[in-house]
>>> print(open('target-v2.tsv').read())   # TSV, C-alpha atoms and all ligand atoms
chain	number	residue	atom	x	y	z
A	1155	MET	CA	97.21	63.54	78.79
A	1156	LYS	CA	97.37	67.14	80.04
A	1157	LYS	CA	98.16	67.26	83.72
A	1158	SER	CA	95.53	69.34	85.51
A	1159	SER	CA	96.60	72.34	87.60
A	1160	LYS	CA	97.53	71.77	91.23
A	1161	LYS	CA	94.91	73.10	93.65
A	1162	SER	CA	95.12	74.85	97.01
A	1163	PRO	CA	91.97	74.27	99.09
A	1164	THR	CA	90.48	77.44	100.58
A	1165	GLY	CA	89.44	75.64	103.77
A	1166	ILE	CA	85.78	76.44	103.04
A	1167	LYS	CA	84.56	72.92	102.26
A	1168	GLY	CA	81.52	73.66	100.13
A	1169	LEU	CA	83.46	76.21	98.11
A	1170	ASP	CA	86.34	73.78	97.56
A	1171	LYS	CA	83.75	71.42	96.09
A	1172	MET	CA	82.62	74.18	93.70
A	1173	LEU	CA	86.28	74.81	92.84
A	1174	MET	CA	86.89	71.08	92.32
A	1175	GLY	CA	89.63	71.08	94.92
A	1176	GLY	CA	90.50	74.71	95.50
A	1177	VAL	CA	92.02	77.75	93.84
A	1178	VAL	CA	94.86	77.14	91.40
A	1179	SER	CA	98.18	76.94	93.27
A	1180	GLY	CA	100.77	79.59	92.52
A	1181	ARG	CA	98.18	81.89	90.96
A	1182	ASN	CA	96.06	84.92	91.95
A	1183	THR	CA	92.35	84.88	92.66
A	1184	LEU	CA	90.16	87.96	93.07
A	1185	VAL	CA	87.58	87.66	95.87
A	1186	SER	CA	85.01	90.43	95.56
A	1187	GLY	CA	81.85	91.29	97.42
A	1188	PRO	CA	79.96	94.13	99.10
A	1189	CYS	CA	80.64	95.32	102.64
A	1190	GLY	CA	80.00	92.72	105.31
A	1191	SER	CA	79.73	89.85	102.83
A	1192	GLY	CA	82.54	87.91	104.53
A	1193	LYS	CA	85.62	88.79	102.45
A	1194	SER	CA	87.99	89.09	105.41
A	1195	THR	CA	86.57	85.92	106.94
A	1196	PHE	CA	87.19	84.16	103.60
A	1197	ALA	CA	90.78	85.42	103.75
A	1198	ALA	CA	91.21	84.05	107.27
A	1199	HIS	CA	89.87	80.60	106.26
A	1200	PHE	CA	92.34	80.46	103.37
A	1201	LEU	CA	95.32	81.47	105.50
A	1202	HIS	CA	94.36	79.44	108.58
A	1203	SER	CA	93.75	76.28	106.56
A	1204	GLY	CA	97.02	76.81	104.67
A	1205	ILE	CA	98.90	76.80	107.98
A	1206	LYS	CA	96.90	74.08	109.76
A	1207	ASP	CA	96.14	71.63	106.97
A	1208	HIS	CA	98.89	72.18	104.41
A	1209	GLY	CA	101.93	73.47	106.29
A	1210	GLU	CA	101.94	76.64	104.20
A	1211	LYS	CA	102.91	79.88	105.91
A	1212	GLY	CA	100.57	82.80	105.37
A	1213	MET	CA	100.77	86.57	105.07
A	1214	TYR	CA	97.83	88.96	105.43
A	1215	VAL	CA	98.35	92.45	104.06
A	1216	THR	CA	95.60	94.60	105.49
A	1217	LEU	CA	95.05	98.22	104.74
A	1218	GLU	CA	91.92	98.48	106.84
A	1219	GLU	CA	91.95	96.73	110.14
A	1220	THR	CA	94.15	96.84	113.17
A	1221	LYS	CA	95.93	93.63	114.07
A	1222	GLU	CA	94.06	93.13	117.33
A	1223	LYS	CA	90.65	93.66	115.78
A	1224	PHE	CA	91.37	91.15	113.00
A	1225	TYR	CA	92.74	88.57	115.47
A	1226	ASN	CA	89.74	89.01	117.79
A	1227	ASP	CA	87.16	88.85	114.98
A	1228	MET	CA	88.66	85.68	113.49
A	1229	ALA	CA	89.10	84.05	116.91
A	1230	GLU	CA	85.28	84.29	117.18
A	1231	PHE	CA	85.17	81.80	114.28
A	1232	GLY	CA	87.71	79.52	115.96
A	1233	MET	CA	90.70	80.67	113.91
A	1234	ASP	CA	93.60	81.55	116.17
A	1235	LEU	CA	95.95	83.50	113.93
A	1236	LYS	CA	97.65	85.18	116.87
A	1237	ALA	CA	98.99	81.79	117.97
A	1238	ALA	CA	100.09	81.11	114.38
A	1239	GLU	CA	101.95	84.42	114.38
A	1240	LYS	CA	103.74	83.48	117.62
A	1241	LYS	CA	104.86	80.21	116.01
A	1242	GLY	CA	106.20	82.11	113.00
A	1243	ASP	CA	103.63	80.64	110.60
A	1244	PHE	CA	101.69	83.83	110.02
A	1245	VAL	CA	102.58	87.44	109.42
A	1246	LEU	CA	100.29	90.46	109.26
A	1247	VAL	CA	101.56	93.49	107.37
A	1248	GLY	CA	99.95	96.91	107.30
A	1249	GLY	CA	97.30	98.47	109.45
A	1250	PRO	CA	94.68	101.10	108.75
A	1251	ILE	CA	95.12	103.12	105.55
A	1252	ALA	CA	95.40	106.33	107.56
A	1253	SER	CA	98.68	105.20	109.09
A	1254	LEU	CA	99.82	103.76	105.77
A	1255	HIS	CA	99.17	107.08	104.06
A	1256	GLY	CA	101.10	108.87	106.79
A	1257	TYR	CA	103.91	106.36	106.54
A	1258	MET	CA	104.12	106.68	102.80
A	1259	GLU	CA	104.21	110.46	102.91
A	1260	LYS	CA	106.81	110.47	105.64
A	1261	VAL	CA	109.23	108.15	103.89
A	1262	ASN	CA	108.21	109.37	100.44
A	1263	ALA	CA	107.37	105.79	99.53
A	1264	ASN	CA	104.97	104.54	96.88
A	1265	VAL	CA	103.09	101.37	96.03
A	1266	LYS	CA	106.24	99.92	94.49
A	1267	ASN	CA	107.95	100.11	97.88
A	1268	LEU	CA	105.02	98.31	99.46
A	1269	ILE	CA	105.34	95.53	96.89
A	1270	GLU	CA	109.07	95.30	97.59
A	1271	GLU	CA	108.32	95.03	101.28
A	1272	ILE	CA	105.82	92.23	100.61
A	1273	GLU	CA	108.40	90.42	98.46
A	1274	GLU	CA	111.02	90.74	101.16
A	1275	VAL	CA	108.79	89.24	103.84
A	1276	VAL	CA	107.66	86.41	101.54
A	1277	LYS	CA	111.26	85.45	100.80
A	1278	GLU	CA	112.53	85.88	104.34
A	1279	LYS	CA	109.76	83.87	106.02
A	1280	GLY	CA	109.07	81.36	103.25
A	1281	VAL	CA	105.44	82.47	102.91
A	1282	LYS	CA	103.28	80.44	100.49
A	1283	ARG	CA	99.82	82.02	100.81
A	1284	VAL	CA	99.22	85.76	100.59
A	1285	VAL	CA	96.07	87.86	100.94
A	1286	ILE	CA	95.82	91.58	100.13
A	1287	ASP	CA	92.76	93.04	101.88
A	1288	SER	CA	91.81	95.13	100.06
A	1289	ILE	CA	93.09	96.23	96.69
A	1290	ASN	CA	90.56	99.12	96.69
A	1291	LEU	CA	92.59	100.99	99.23
A	1292	LEU	CA	95.75	100.22	97.34
A	1293	SER	CA	94.07	101.78	94.32
A	1294	MET	CA	93.55	104.96	96.31
A	1295	LEU	CA	97.31	105.34	96.36
A	1296	SER	CA	97.43	105.26	92.54
A	1297	LYS	CA	97.26	108.50	90.54
A	1298	ASP	CA	94.84	107.28	87.86
A	1299	ASP	CA	93.20	104.18	86.31
A	1300	ASP	CA	96.22	103.43	84.23
A	1301	GLU	CA	98.55	103.41	87.21
A	1302	ASN	CA	95.98	101.43	89.17
A	1303	ARG	CA	95.89	98.68	86.56
A	1304	LYS	CA	99.69	98.60	86.35
A	1305	THR	CA	99.94	98.37	90.14
A	1306	LEU	CA	97.54	95.45	90.32
A	1307	ALA	CA	99.30	93.63	87.51
A	1308	MET	CA	102.62	94.27	89.24
A	1309	ILE	CA	101.35	92.82	92.54
A	1310	ALA	CA	99.70	89.83	90.85
A	1311	ASN	CA	102.79	89.04	88.79
A	1312	SER	CA	105.25	89.45	91.61
A	1313	LEU	CA	103.26	87.13	93.90
A	1314	SER	CA	103.06	84.47	91.17
A	1315	ALA	CA	106.76	84.84	90.40
A	1316	LEU	CA	107.47	84.17	94.08
A	1317	GLY	CA	105.41	80.97	93.81
A	1318	CYS	CA	102.68	82.23	96.16
A	1319	THR	CA	99.01	81.35	95.94
A	1320	SER	CA	97.23	84.62	96.55
A	1321	LEU	CA	93.85	86.22	97.09
A	1322	LEU	CA	93.24	89.84	96.14
A	1323	ILE	CA	90.19	91.16	97.97
A	1324	SER	CA	88.00	93.80	96.32
A	1325	GLU	CA	84.94	95.55	97.71
A	1326	THR	CA	82.08	95.94	95.23
A	1327	LYS	CA	79.26	98.48	95.36
A	1328	GLU	CA	76.18	97.64	97.40
A	1329	GLY	CA	73.49	95.88	95.40
A	1330	SER	CA	75.53	95.63	92.20
A	1331	MET	CA	76.20	92.50	90.19
A	1332	ASP	CA	79.65	93.85	89.22
A	1333	LEU	CA	82.65	91.57	89.48
A	1334	SER	CA	84.90	94.29	90.86
A	1335	ARG	CA	84.99	97.96	91.81
A	1336	TYR	CA	86.93	99.33	88.86
A	1337	GLY	CA	85.79	96.87	86.21
A	1338	MET	CA	89.29	95.79	85.30
A	1339	GLU	CA	90.62	93.84	88.28
A	1340	GLU	CA	89.08	90.63	86.93
A	1341	PHE	CA	91.28	90.78	83.85
A	1342	VAL	CA	94.51	90.99	85.81
A	1343	VAL	CA	93.96	87.84	87.86
A	1344	ASP	CA	93.74	84.12	87.09
A	1345	GLY	CA	90.55	83.45	89.03
A	1346	VAL	CA	87.47	85.35	90.20
A	1347	ILE	CA	85.17	84.40	93.10
A	1348	VAL	CA	82.24	86.74	93.75
A	1349	LEU	CA	80.17	87.08	96.93
A	1350	TYR	CA	76.71	88.54	96.45
A	1351	LEU	CA	74.15	89.86	98.91
A	1352	ILE	CA	70.86	89.66	97.06
A	1353	ARG	CA	67.86	91.40	98.54
A	1354	GLU	CA	64.65	89.42	98.65
A	1355	GLY	CA	61.92	91.40	100.38
A	1356	SER	CA	63.26	92.42	103.77
A	1357	LYS	CA	66.06	89.83	103.76
A	1358	PHE	CA	69.50	89.52	102.20
A	1359	ILE	CA	70.37	86.17	100.69
A	1360	SER	CA	74.05	85.46	100.32
A	1361	GLY	CA	75.38	83.71	97.26
A	1362	VAL	CA	78.83	82.82	95.99
A	1363	THR	CA	79.95	82.03	92.47
A	1364	VAL	CA	83.19	81.13	90.71
A	1365	ARG	CA	83.26	83.42	87.68
A	1366	LYS	CA	86.53	82.15	86.29
A	1367	MET	CA	89.42	79.90	87.22
A	1368	ARG	CA	92.02	79.72	84.46
A	1369	GLY	CA	93.26	76.22	83.82
A	1370	SER	CA	90.50	74.52	85.80
A	1371	ASN	CA	86.91	73.41	85.56
A	1372	HIS	CA	84.47	74.61	88.26
A	1373	ASP	CA	80.84	74.95	89.26
A	1374	LYS	CA	79.18	77.81	87.34
A	1375	GLU	CA	76.12	78.50	89.52
A	1376	ILE	CA	75.51	81.00	92.30
A	1377	ARG	CA	75.36	78.88	95.47
A	1378	TYR	CA	73.96	79.75	98.86
A	1379	TYR	CA	76.31	80.50	101.78
A	1380	GLN	CA	75.99	81.65	105.36
A	1381	ILE	CA	78.29	83.18	107.95
A	1382	THR	CA	77.96	81.03	111.09
A	1383	ASN	CA	79.91	80.89	114.35
A	1384	LYS	CA	82.39	78.65	112.51
A	1385	GLY	CA	82.85	81.18	109.70
A	1386	ILE	CA	81.69	80.83	106.09
A	1387	VAL	CA	79.65	77.76	105.18
A	1388	VAL	CA	78.86	77.21	101.49
A	1389	TYR	CA	76.06	74.87	100.40
A	1390	PRO	CA	77.29	73.59	97.02
A	1391	GLN	CA	74.00	71.85	96.18
A	1392	GLU	CA	71.79	74.87	96.77
A	1393	SER	CA	71.23	77.53	94.15
A	1394	VAL	CA	70.48	81.05	95.32
A	1395	PHE	CA	67.83	81.74	92.73
A	1396	THR	CA	64.79	79.67	93.48
A	1397	ASN	CA	62.05	79.39	90.89
A	1398	LYS	CA	59.98	81.75	93.01
A	1399	MET	CA	62.61	84.51	92.73
A	1400	MET	CA	62.83	84.14	88.96
A	1401	GLU	CA	59.09	84.66	88.44
B	1	LIG	N1	79.87	84.97	115.14
B	1	LIG	C1	79.24	85.30	114.00
B	1	LIG	N2	78.20	84.56	113.56
B	1	LIG	C2	77.57	84.87	112.43
B	1	LIG	N3	77.90	85.90	111.63
B	1	LIG	C3	78.91	86.66	112.02
B	1	LIG	C4	79.64	86.42	113.21
B	1	LIG	N4	80.60	87.33	113.31
B	1	LIG	C5	80.49	88.13	112.23
B	1	LIG	N5	79.47	87.74	111.46
B	1	LIG	C6	79.04	88.34	110.18
B	1	LIG	O1	80.19	88.47	109.36
B	1	LIG	C7	80.24	89.80	108.81
B	1	LIG	C8	81.65	90.31	108.70
B	1	LIG	O2	82.36	89.53	107.81
B	1	LIG	P1	83.71	90.12	107.20
B	1	LIG	O3	84.34	91.11	108.10
B	1	LIG	O4	84.51	88.95	106.81
B	1	LIG	O5	83.12	90.86	105.93
B	1	LIG	P2	83.85	91.81	104.89
B	1	LIG	O6	83.24	91.54	103.58
B	1	LIG	O7	85.31	91.66	105.03
B	1	LIG	O8	83.41	93.23	105.43
B	1	LIG	P3	84.06	94.66	105.14
B	1	LIG	O9	83.48	95.09	103.85
B	1	LIG	O10	83.61	95.47	106.29
B	1	LIG	O11	85.55	94.50	105.07
B	1	LIG	C9	79.53	90.63	109.82
B	1	LIG	O12	79.00	91.79	109.20
B	1	LIG	C10	78.47	89.73	110.35
B	1	LIG	O13	77.31	89.81	109.55
B	2	MG	MG	86.88	93.06	105.38
>>> encode(input="target-v2.tsv", output="structure tokens")
Amino acid sequence: MKKSSKKSPTGIKGLDKMLMGGVVSGRNTLVSGPCGSGKSTFAAHFLHSGIKDHGEKGMYVTLEETKEKFYNDMAEFGMDLKAAEKKGDFVLVGGPIASLHGYMEKVNANVKNLIEEIEEVVKEKGVKRVVIDSINLLSMLSKDDDENRKTLAMIANSLSALGCTSLLISETKEGSMDLSRYGMEEFVVDGVIVLYLIREGSKFISGVTVRKMRGSNHDKEIRYYQITNKGIVVYPQESVFTNKMME
């Protein structure tokens, strides 16, 4: 009998149910969604649970937020990543794109150097879970679509080769049902999880779906989720589209 792929739980219980255990270990998963849909919170759950529940060290590569802001925002949800950093279980690389751009110009570096830096930290610290938040800003450093695709494939492959389970975060356009910003990221990765904010009258309903997970079965529906004071809560029994909305 074929042995099924090993899973790494995301730490979001309802979603792990949809994923029949979690994302596939040692592979890359794209997490996409519009602004404010909870992508960075998702990333924090995955990294925090890796450290707390599975003894897996985590690395967060951010191109958007400052360290303090990320730590403070996630502490609101009860995830103390600052303490994990102090213990040597967590490392945050990056900072706002503005400083990254400046840094890259100054040292004449390119995306390849950034990947090398990520590889170095992973090896040195024994990191097992990696999140890149977000790949959109990484794409801004690429000259064209072709280079962008190559860059993403290079990142995805190098993280898998290092044995890391990784999430690549991508911001989608407001109100779209697209899987990713550039329409090609989903082909580079092994799994795709999409967060949607669907407008119904004057409200936004949030839904999450697993679009693909190579080597694994999974729930195929769009399920309801909420961001609460404990972070993301997914309701794996509840579909987003009620009969009323389909009329
Ligand atoms: N304590 C809280 N309780 C409920 N919801 C909260 C709380 N704190 C933040 N939120 C919600 O979570 C959202 C932010 O989530 P997050 O930063 O993970 O989203 P994102 O998709 O990464 O956003 P961006 O596109 O800006 O990077 C906020 O816009 C807010 O709606
Ligand atoms: Mg974010």
>>> residues_near_ligand(input="target-v2.tsv", ligand="ligand LIG 1 (chain B)", cutoff="10 Å", atoms="all atoms listed in the file", output="ChimeraX atom specification")
/A:1185-1199,1218-1219,1224,1227-1232,1287-1288,1323-1326,1349,1380-1386
>>> atom_distance(input="target-v2.tsv", atom1="atom CA of A:Glu1328", atom2="atom CA of A:Ser1393")
21.0 Å
>>> closest_residue(input="target-v2.tsv", among="A:Val1387, A:Asn1267, A:Val1346, A:Phe1341", to="A:Gly1361", atoms="only C-alpha atoms")
A:Val1387
>>> closest_residue(input="target-v2.tsv", among="A:Lys1266, A:Gly1176, A:Leu1235, A:Val1285", to="ligand MG 2 (chain B)", atoms="only C-alpha atoms and all ligand atoms")
A:Val1285
>>> closest_residue(input="target-v2.tsv", among="A:Met1172, A:Ala1237, A:Val1265, A:Ile1376", to="A:Glu1301", atoms="all atoms listed in the file")
A:Val1265
>>> atom_distance(input="target-v2.tsv", atom1="atom CA of A:Lys1221", atom2="atom CA of A:Val1245")
10.2 Å
>>> residues_around(input="target-v2.tsv", residues="A:Leu1295", least_positions_apart="2", cutoff="8 Å", atoms="only C-alpha atoms", output="number ranges by chain")
A: 1264-1265, 1291-1293, 1297
>>> closest_residue(input="target-v2.tsv", among="A:Glu1239, A:Val1275, A:Ile1286, A:His1208", to="ligand MG 2 (chain B)", atoms="all atoms listed in the file")
A:Ile1286
>>> build_atoms(input="target-v2.tsv", residues="stretch 1327-1339 of chain A", atoms="N, CA and C atoms", output="PDB file, in the frame of the given file")
ATOM      1  N   LYS A1327      80.324  97.567  94.916  1.00  0.00           N
ATOM      2  CA  LYS A1327      79.260  98.480  95.360  1.00  0.00           C
ATOM      3  C   LYS A1327      78.053  97.697  95.850  1.00  0.00           C
ATOM      4  N   GLU A1328      77.386  98.240  96.836  1.00  0.00           N
ATOM      5  CA  GLU A1328      76.180  97.640  97.400  1.00  0.00           C
ATOM      6  C   GLU A1328      75.138  97.376  96.313  1.00  0.00           C
ATOM      7  N   GLY A1329      74.603  96.182  96.305  1.00  0.00           N
ATOM      8  CA  GLY A1329      73.490  95.880  95.400  1.00  0.00           C
ATOM      9  C   GLY A1329      73.869  95.677  93.946  1.00  0.00           C
ATOM     10  N   SER A1330      75.160  95.782  93.614  1.00  0.00           N
ATOM     11  CA  SER A1330      75.530  95.630  92.200  1.00  0.00           C
ATOM     12  C   SER A1330      75.844  94.169  91.885  1.00  0.00           C
ATOM     13  N   MET A1331      75.801  93.837  90.606  1.00  0.00           N
ATOM     14  CA  MET A1331      76.200  92.500  90.190  1.00  0.00           C
ATOM     15  C   MET A1331      77.594  92.567  89.541  1.00  0.00           C
ATOM     16  N   ASP A1332      78.300  93.684  89.780  1.00  0.00           N
ATOM     17  CA  ASP A1332      79.650  93.850  89.220  1.00  0.00           C
ATOM     18  C   ASP A1332      80.603  92.809  89.792  1.00  0.00           C
ATOM     19  N   LEU A1333      81.641  92.526  89.017  1.00  0.00           N
ATOM     20  CA  LEU A1333      82.650  91.570  89.480  1.00  0.00           C
ATOM     21  C   LEU A1333      83.710  92.258  90.329  1.00  0.00           C
ATOM     22  N   SER A1334      83.860  93.572  90.127  1.00  0.00           N
ATOM     23  CA  SER A1334      84.900  94.290  90.860  1.00  0.00           C
ATOM     24  C   SER A1334      84.540  95.766  90.893  1.00  0.00           C
ATOM     25  N   ARG A1335      85.301  96.555  91.644  1.00  0.00           N
ATOM     26  CA  ARG A1335      84.990  97.960  91.810  1.00  0.00           C
ATOM     27  C   ARG A1335      85.324  98.790  90.559  1.00  0.00           C
ATOM     28  N   TYR A1336      86.476  98.488  89.974  1.00  0.00           N
ATOM     29  CA  TYR A1336      86.930  99.330  88.860  1.00  0.00           C
ATOM     30  C   TYR A1336      86.664  98.720  87.483  1.00  0.00           C
ATOM     31  N   GLY A1337      86.134  97.498  87.485  1.00  0.00           N
ATOM     32  CA  GLY A1337      85.790  96.870  86.210  1.00  0.00           C
ATOM     33  C   GLY A1337      86.990  96.399  85.408  1.00  0.00           C
ATOM     34  N   MET A1338      88.126  96.303  86.028  1.00  0.00           N
ATOM     35  CA  MET A1338      89.290  95.790  85.300  1.00  0.00           C
ATOM     36  C   MET A1338      90.101  94.786  86.110  1.00  0.00           C
ATOM     37  N   GLU A1339      89.851  94.744  87.431  1.00  0.00           N
ATOM     38  CA  GLU A1339      90.620  93.840  88.280  1.00  0.00           C
ATOM     39  C   GLU A1339      90.509  92.389  87.812  1.00  0.00           C
TER      40      GLU A1339
END
